[in-house]
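Asks: Structure file data_10.txt (compact mmCIF, C-alpha atoms and all ligand atoms) right here:
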# COMPACT_ATOMS: atom_id res chain seq x y z
CA MET A 21 36.21 30.25 72.03
CA LEU A 22 38.21 32.45 69.63
CA ARG A 23 39.03 35.17 72.09
CA PRO A 24 41.84 33.35 73.92
CA LEU A 25 43.38 32.73 70.50
CA TYR A 26 43.39 36.44 69.62
CA VAL A 27 45.00 37.19 72.94
CA VAL A 28 47.72 34.64 72.28
CA VAL A 29 48.36 36.07 68.81
CA VAL A 30 48.51 39.62 70.11
CA ILE A 31 50.79 38.67 72.98
CA LEU A 32 53.09 36.76 70.62
CA GLN A 33 53.30 39.82 68.40
CA CYS A 34 54.12 41.91 71.43
CA LEU A 35 56.90 39.57 72.43
CA LEU A 36 58.35 39.52 68.92
CA ALA A 37 58.16 43.28 68.40
CA THR A 38 60.83 45.70 69.57
CA PRO A 39 59.67 47.66 72.62
CA SER A 40 59.68 50.97 70.77
CA ALA A 41 57.61 49.67 67.87
CA VAL A 42 54.61 48.42 69.78
CA ASN A 43 53.18 49.55 73.04
CA CYS A 44 51.13 46.45 73.56
CA PHE A 45 50.38 46.25 77.19
CA ASP A 46 49.09 49.78 77.71
CA ASP A 47 46.62 49.62 74.87
CA PRO A 48 43.23 48.00 75.03
CA LEU A 49 43.14 44.88 72.89
CA TRP A 50 40.81 46.40 70.32
CA SER A 51 43.12 49.29 69.54
CA ASN A 52 45.91 46.92 68.56
CA PRO A 53 46.49 46.81 64.78
CA ALA A 54 46.63 43.01 64.85
CA TRP A 55 43.08 42.91 66.10
CA ASN A 56 41.93 45.44 63.50
CA GLU A 57 43.52 43.79 60.49
CA ALA A 58 42.90 40.13 61.20
CA THR A 59 39.97 38.64 59.34
CA ILE A 60 37.89 35.71 60.38
CA TYR A 61 39.63 33.54 57.77
CA ASP A 62 42.76 33.65 59.91
CA TYR A 63 40.92 31.48 62.42
CA ILE A 64 38.18 29.38 60.90
CA GLU A 65 39.96 26.99 58.55
CA ASP A 66 37.64 25.90 55.77
CA ASP A 67 34.28 27.12 57.08
CA LEU A 68 32.11 29.42 55.01
CA PHE A 69 29.47 32.04 55.68
CA PHE A 70 26.13 33.19 54.44
CA GLU A 71 24.23 36.34 55.26
CA ILE A 72 20.52 36.92 55.60
CA ILE A 73 19.46 40.23 54.08
CA TYR A 74 15.72 39.78 54.70
CA PRO A 75 13.89 39.72 57.12
CA GLU A 76 15.70 42.34 59.10
CA GLU A 77 15.47 40.60 62.48
CA LEU A 78 17.55 37.73 61.03
CA SER A 79 20.01 39.95 59.17
CA TYR A 80 23.29 38.56 60.43
CA THR A 81 26.26 36.64 59.06
CA TYR A 82 26.11 32.93 59.83
CA ARG A 83 28.94 30.43 59.87
CA LEU A 84 28.57 27.06 58.15
CA ARG A 85 30.62 23.85 58.22
CA ARG A 86 30.96 22.33 54.74
CA ALA A 87 29.87 18.71 54.32
CA ARG A 88 33.07 16.72 54.46
CA ASP A 89 32.70 14.21 51.67
CA PHE A 90 29.51 14.61 49.68
CA GLY A 91 27.83 17.20 47.50
CA ILE A 92 29.52 19.69 45.20
CA PRO A 93 31.61 22.72 46.30
CA PHE A 94 30.07 26.12 47.04
CA ASP A 95 32.04 27.62 44.18
CA GLN A 96 29.36 29.96 42.88
CA GLN A 97 28.32 33.05 44.84
CA LEU A 98 24.53 33.09 45.03
CA LYS A 99 23.15 36.56 45.68
CA GLY A 100 19.61 37.40 46.74
CA VAL A 101 18.43 33.79 46.67
CA ARG A 102 15.58 32.43 48.77
CA LEU A 103 16.22 30.34 51.88
CA VAL A 104 13.17 28.11 52.41
CA LEU A 105 12.34 25.63 55.19
CA SER A 106 11.61 22.10 54.10
CA ASP A 107 8.16 20.81 55.07
CA PRO A 108 8.53 18.48 56.92
CA LEU A 109 11.78 19.87 58.26
CA GLU A 110 13.72 16.58 58.10
CA CYS A 111 13.48 16.36 54.28
CA CYS A 112 13.70 12.56 54.26
CA SER A 113 10.97 12.16 51.62
CA MET A 114 9.83 14.51 48.87
CA PRO A 115 8.91 17.73 50.75
CA LEU A 116 5.25 18.79 50.62
CA ASN A 117 6.37 22.28 49.63
CA ALA A 118 8.68 21.07 46.86
CA PRO A 119 7.53 23.75 44.35
CA LYS A 120 8.72 26.46 46.77
CA LEU A 121 12.12 24.80 47.08
CA HIS A 122 12.77 25.03 43.37
CA GLY A 123 15.71 27.36 42.77
CA ALA A 124 16.05 28.01 46.52
CA VAL A 125 18.51 27.09 49.23
CA VAL A 126 16.66 24.68 51.52
CA LEU A 127 17.01 24.64 55.30
CA VAL A 128 16.39 21.18 56.79
CA SER A 129 16.76 19.58 60.20
CA ARG A 130 19.09 16.79 61.19
CA GLY A 131 17.43 13.48 62.12
CA ASP A 132 15.41 10.53 60.73
CA CYS A 133 17.66 9.81 57.71
CA SER A 134 21.21 10.37 56.49
CA PHE A 135 22.61 13.72 55.42
CA VAL A 136 23.09 12.33 51.90
CA SER A 137 19.41 11.26 51.73
CA LYS A 138 18.31 14.76 52.69
CA ALA A 139 20.57 16.35 50.08
CA ILE A 140 19.31 14.00 47.37
CA LYS A 141 15.67 14.76 48.21
CA ALA A 142 16.44 18.49 48.25
CA ALA A 143 18.11 18.25 44.85
CA GLU A 144 15.14 16.27 43.48
CA ALA A 145 12.88 19.09 44.66
CA GLY A 146 15.01 21.51 42.63
CA ALA A 147 16.89 23.14 45.52
CA ILE A 148 20.27 24.63 44.57
CA ALA A 149 21.95 24.02 47.95
CA ILE A 150 21.08 22.48 51.30
CA ILE A 151 21.77 23.74 54.81
CA VAL A 152 21.29 21.12 57.51
CA THR A 153 20.71 22.49 60.98
CA ASP A 154 21.12 20.52 64.17
CA ASN A 155 18.00 18.96 65.71
CA ASN A 156 19.43 20.12 69.06
CA THR A 157 17.93 23.60 69.13
CA GLU A 158 20.20 24.62 72.02
CA ASN A 159 23.41 23.84 70.14
CA ASP A 160 25.33 27.10 69.82
CA GLU A 161 28.86 25.78 69.45
CA LEU A 162 29.29 22.23 68.14
CA TYR A 163 29.71 22.02 64.36
CA ILE A 164 28.77 18.56 63.09
CA GLU A 165 31.10 17.11 60.45
CA MET A 166 28.61 15.80 57.92
CA VAL A 167 29.88 12.64 56.22
CA ASP A 168 28.39 10.38 53.57
CA ASP A 169 26.35 7.27 54.36
CA ASN A 170 28.36 4.68 52.42
CA THR A 171 25.63 4.26 49.82
CA HIS A 172 27.87 5.74 47.09
CA ARG A 173 25.12 8.17 46.16
CA GLN A 174 26.34 11.64 45.32
CA PRO A 175 23.99 14.64 45.61
CA ASP A 176 24.72 17.24 42.94
CA ILE A 177 24.18 20.28 45.17
CA PRO A 178 26.42 21.80 47.88
CA ALA A 179 25.67 20.98 51.54
CA ALA A 180 26.69 22.58 54.83
CA PHE A 181 25.87 22.42 58.53
CA LEU A 182 24.37 25.25 60.62
CA LEU A 183 24.31 25.37 64.45
CA GLY A 184 20.99 24.20 65.85
CA LYS A 185 20.33 27.39 67.75
CA SER A 186 20.63 29.52 64.61
CA GLY A 187 18.52 27.10 62.56
CA TYR A 188 15.87 27.11 65.24
CA ILE A 189 15.74 30.90 65.47
CA ILE A 190 15.62 31.28 61.68
CA ALA A 191 12.83 28.70 61.37
CA ARG A 192 10.81 30.12 64.27
CA THR A 193 11.17 33.72 63.05
CA LEU A 194 10.01 32.85 59.53
CA MET A 195 7.07 30.82 60.82
CA LEU A 196 5.92 33.51 63.27
CA ALA A 197 6.21 36.18 60.59
CA ASN A 198 4.35 33.94 58.14
CA GLU A 199 7.20 34.36 55.66
CA ASP A 200 7.86 31.71 53.03
CA ALA A 201 11.50 32.59 52.68
CA ALA A 202 14.45 34.58 53.91
CA ILE A 203 16.66 36.24 51.29
CA ILE A 204 20.33 35.37 51.52
CA ASN A 205 23.76 35.71 49.93
CA ILE A 206 25.79 32.50 50.03
CA PRO A 207 28.71 32.19 50.38
CA VAL A 208 29.84 35.67 51.40
CA ASN A 209 33.47 36.71 51.14
CA LEU A 210 34.55 38.29 54.43
CA THR A 211 38.22 38.70 53.52
CA THR A 212 38.10 42.48 53.82
CA VAL A 213 35.94 42.54 56.97
CA PRO A 214 37.88 42.94 60.23
CA ILE A 215 36.78 40.55 62.95
CA HIS A 216 35.28 43.20 65.18
CA LYS A 217 33.05 44.36 62.29
CA LEU A 218 31.56 40.90 61.74
CA ASN A 219 27.82 40.96 62.03
CA GLN A 220 27.37 37.69 63.88
CA PRO A 221 24.05 36.73 65.47
CA PRO A 222 23.89 37.96 69.08
CA TRP A 223 22.93 34.48 70.33
CA ILE A 224 26.16 32.86 69.07
CA VAL A 225 29.62 33.34 70.58
CA TRP A 226 32.22 32.42 67.96
C1 LIG A 301 18.70 13.97 65.97
O1 LIG A 301 19.26 13.30 64.86
C2 LIG A 301 20.07 12.20 65.22
C3 LIG A 301 20.71 11.68 63.95
O2 LIG A 301 19.77 11.33 62.99
C4 LIG A 301 19.21 11.16 65.93
O3 LIG A 301 20.00 10.08 66.33
C5 LIG A 301 18.55 11.80 67.15
O4 LIG A 301 17.65 10.88 67.74
C6 LIG A 301 17.79 13.05 66.76
N1 LIG A 301 17.32 13.73 67.94
C7 LIG A 301 16.10 14.29 68.01
C8 LIG A 301 15.80 15.02 69.27
O5 LIG A 301 15.30 14.24 67.10
C1 LIG A 302 37.57 37.29 48.57
O1 LIG A 302 37.93 38.63 48.38
C2 LIG A 302 39.33 38.85 48.32
C3 LIG A 302 39.60 40.35 48.33
O2 LIG A 302 38.69 41.03 47.52
C4 LIG A 302 39.90 38.11 47.13
O3 LIG A 302 41.30 38.29 47.06
C5 LIG A 302 39.58 36.63 47.26
O4 LIG A 302 40.03 35.93 46.12
C6 LIG A 302 38.10 36.42 47.45
N1 LIG A 302 37.87 35.01 47.72
C7 LIG A 302 36.91 34.30 47.12
C8 LIG A 302 36.79 32.89 47.51
O5 LIG A 302 36.18 34.81 46.27
Will you turn the file into structure tokens for me?
Replies:
Amino acid sequence: MLRPLYVVVVILQCLLATPSAVNCFDDPLWSNPAWNEATIYDYIEDDLFFEIIYPEELSYTYRLRRARDFGIPFDQQLKGVRLVLSDPLECCSMPLNAPKLHGAVVLVSRGDCSFVSKAIKAAEAGAIAIIVTDNNTENDELYIEMVDDNTHRQPDIPAAFLLGKSGYIIARTLMLANEDAAIINIPVNLTTVPIHKLNQPPWIVW
């Protein structure tokens, strides 16, 4: 989805540059300085990212859509924290594995109750942030805008949405490996990372 945008930006820069300054149309796209210097923040508005550093087969950088109008901001960088699946995944009542969620970022599934209800349950279990993944495990492109449920309840942890396909692969990988948790950094600052160096999951096309 982003690629046509890069092409437009590069072509615009070609049109605006003097012919001697830039030899745009002979060069492959990736050798153009615009491509090398742009960072993902030039294109993604207000989204944020986290990275999994363990286990290795999940070690990629994942994009998240912030909850629109509930929860607190992700203003603190959490490094080396646990990412733990809620049990049951929907997190609509107090999770059975609540002790493991204490001090962790919890990964829950969409469905059965409101986003706000999930975030409140997660906070009650002691989670420090909540990532809600789509219950459509095939979803690899549609970011849900999570809004409040008009109950005027306000969870006191940050909340964000993860594509269903990524959530599904993370959950399945942890379960198959019998791992309680992944280890993550959230949010990560990618300002100095050029787009072509982003370590995105191979199953997602940004
Ligand atoms: C997914 O969640 C939405 C919203 O709660 C719900 O309407 C839908 O039925 C759920 N789908 C599945 C497959 O669970
Ligand atoms: C991200 O890093 C850049 C460069 O180091 C810095 O200028 C910027 O303030 C950082 N942003 C956040 C949100 O920490």
Asks: Which distance in Å separates atom C7 of ligand LIG 301 (chain A) and atom CA of Asp154 of chain A, to one decimal?
Replies: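 Straight-line distance from atom C7 of ligand LIG 301 (chain A) to atom CA of Asp154 of chain A works out to 8.9 Å.
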Asks: Just to confirm, what's the straight-line distance from atom O1 of ligand LIG 302 (chain A) to atom CA of Leu183 of chain A in Å (one decimal)?
Replies: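 Distance reported for this atom pair: 24.9 Å.
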Asks: Check the smallest atom-to-atom distance from each of A:Gly91, A:Pro108, A:Pro119, A:Gly100 to Ala149 of chain A using only C-alpha atoms, then report the winner.
Replies: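 Closest to Ala149 of chain A, using only C-alpha atoms: A:Gly91.
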Asks: Show me which residues line ligand LIG 302 (chain A), defined as having an atom within 10 Å of a ligand atom where only C-alpha atoms and all ligand atoms count, and present them as a ChimeraX atom specification.
Replies: /A:68,94-97,207-213
Asks: Please return as a list in words the residues found within 7 Å of ligand LIG 301 (chain A), counting all atoms listed in the file.
Replies: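 Using all atoms listed in the file, I find these residues within 7 Å of ligand LIG 301 (chain A): Arg130, Gly131, Asp132, Cys133, Ser134, Asn155 and Asn156 of chain A.
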Asks: In terms of the shortest atom-to-atom distance over all atoms listed in the file, which of A:Ile73, A:Ala87, A:Ile189, A:Ala58 is closest to Val101 of chain A?
Replies: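 Among the listed residues, the smallest separation from Val101 of chain A belongs to A:Ile73.
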Asks: Taking only C-alpha atoms into account, which of A:Ile177, A:Ile72, A:Val126, A:Val136 comes nearest Ala202 of chain A?
Replies: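 Closest to Ala202 of chain A of all the choices is A:Ile72.
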Asks: Pick out the closest residue to Arg102 of chain A from this set: A:Glu199, A:Ser137, A:Glu161, A:Ile215. Count only C-alpha atoms.
Replies: A:Glu199
Asks: Counting all atoms listed in the file, what is within 8 Å of Asp107 of chain A, bar same-chain residues fewer than 4 positions away, as a list in words?
Replies: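 What passes the distance filter is Cys111, Pro115, Leu116 and Asn117 of chain A.
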Asks: Grab the residues selected above and save them as a JSON list (two decimals), keeping the file's coordinate frame with C-alpha atoms.
Replies:
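result35.json was written with the following content:
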[["chain", "number", "residue", "atom", "x", "y", "z"],
["A", 111, "CYS", "CA", 13.48, 16.36, 54.28],
["A", 115, "PRO", "CA", 8.91, 17.73, 50.75],
["A", 116, "LEU", "CA", 5.25, 18.79, 50.62],
["A", 117, "ASN", "CA", 6.37, 22.28, 49.63]]
Asks: Work out how far apart atom CA of Glu158 of chain A and atom CA of Lys185 of chain A are and give it in Å to one decimal.
Replies: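 Straight-line distance from atom CA of Glu158 of chain A to atom CA of Lys185 of chain A works out to 5.1 Å.
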Asks: Let me know the centre plus edge lengths, in Å and rounded to one decimal, of a box with edges along x, y and z that contains all listed atoms of segment 71-87 of chain A and is padded by 4 Å on every side, as AutoDock Vina command-line options.
Replies:
--center_x 22.4 --center_y 30.5 --center_z 58.3 --size_x 25.1 --size_y 31.6 --size_z 16.4
Asks: Using all atoms listed in the file and a cutoff of 8 Å, can you tell me which residues are near (33.4, 22.9, 56.1) in the file's coordinates, and write them out as JSON, numbers by chain?
Replies: {"A": [66, 67, 68, 84, 85, 86, 87, 88, 165, 180, 181]}
Asks: Considering all atoms listed in the file, can you say which of A:Gly146, A:Arg192, A:Gly187, A:Leu103 comes closest to Ser129 of chain A?
Replies: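 Smallest distance to Ser129 of chain A is found for A:Gly187.
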Asks: Fewer than 3 positions away in the same chain doesn't count, so skip those; otherwise give me all residues within 10 Å of Glu77 of chain A, counting all atoms listed in the file, as JSON, numbers by chain.
Replies: {"A": [72, 73, 74, 80, 190, 193, 194, 221]}
Asks: Could you check the closest approach to Asp200 of chain A for each of A:Leu98, A:Leu127, A:Leu218, A:Asp160 and tell me which residue wins, using all atoms listed in the file?
Replies: A:Leu127
Asks: Would you save segment 204-216 of chain A to a file, keeping C-alpha atoms, as an mmCIF file, in the first residue's frame?
Replies:
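Okay, decode-v6.cif is ready:
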data_model
loop_
_atom_site.group_PDB
_atom_site.id
_atom_site.type_symbol
_atom_site.label_atom_id
_atom_site.label_comp_id
_atom_site.auth_asym_id
_atom_site.auth_seq_id
_atom_site.Cartn_x
_atom_site.Cartn_y
_atom_site.Cartn_z
ATOM 1 C CA ILE A 204 9.321 -6.861 23.774
ATOM 2 C CA ASN A 205 10.292 -3.192 23.609
ATOM 3 C CA ILE A 206 7.310 -0.861 23.314
ATOM 4 C CA PRO A 207 7.111 1.674 21.808
ATOM 5 C CA VAL A 208 10.258 1.677 19.685
ATOM 6 C CA ASN A 209 11.573 4.864 18.118
ATOM 7 C CA LEU A 210 12.293 4.237 14.433
ATOM 8 C CA THR A 211 13.168 7.829 13.552
ATOM 9 C CA THR A 212 16.713 6.946 12.539
ATOM 10 C CA VAL A 213 15.797 3.729 10.709
ATOM 11 C CA PRO A 214 15.441 4.084 6.932
ATOM 12 C CA ILE A 215 12.349 2.410 5.531
ATOM 13 C CA HIS A 216 14.219 -0.301 3.669
#
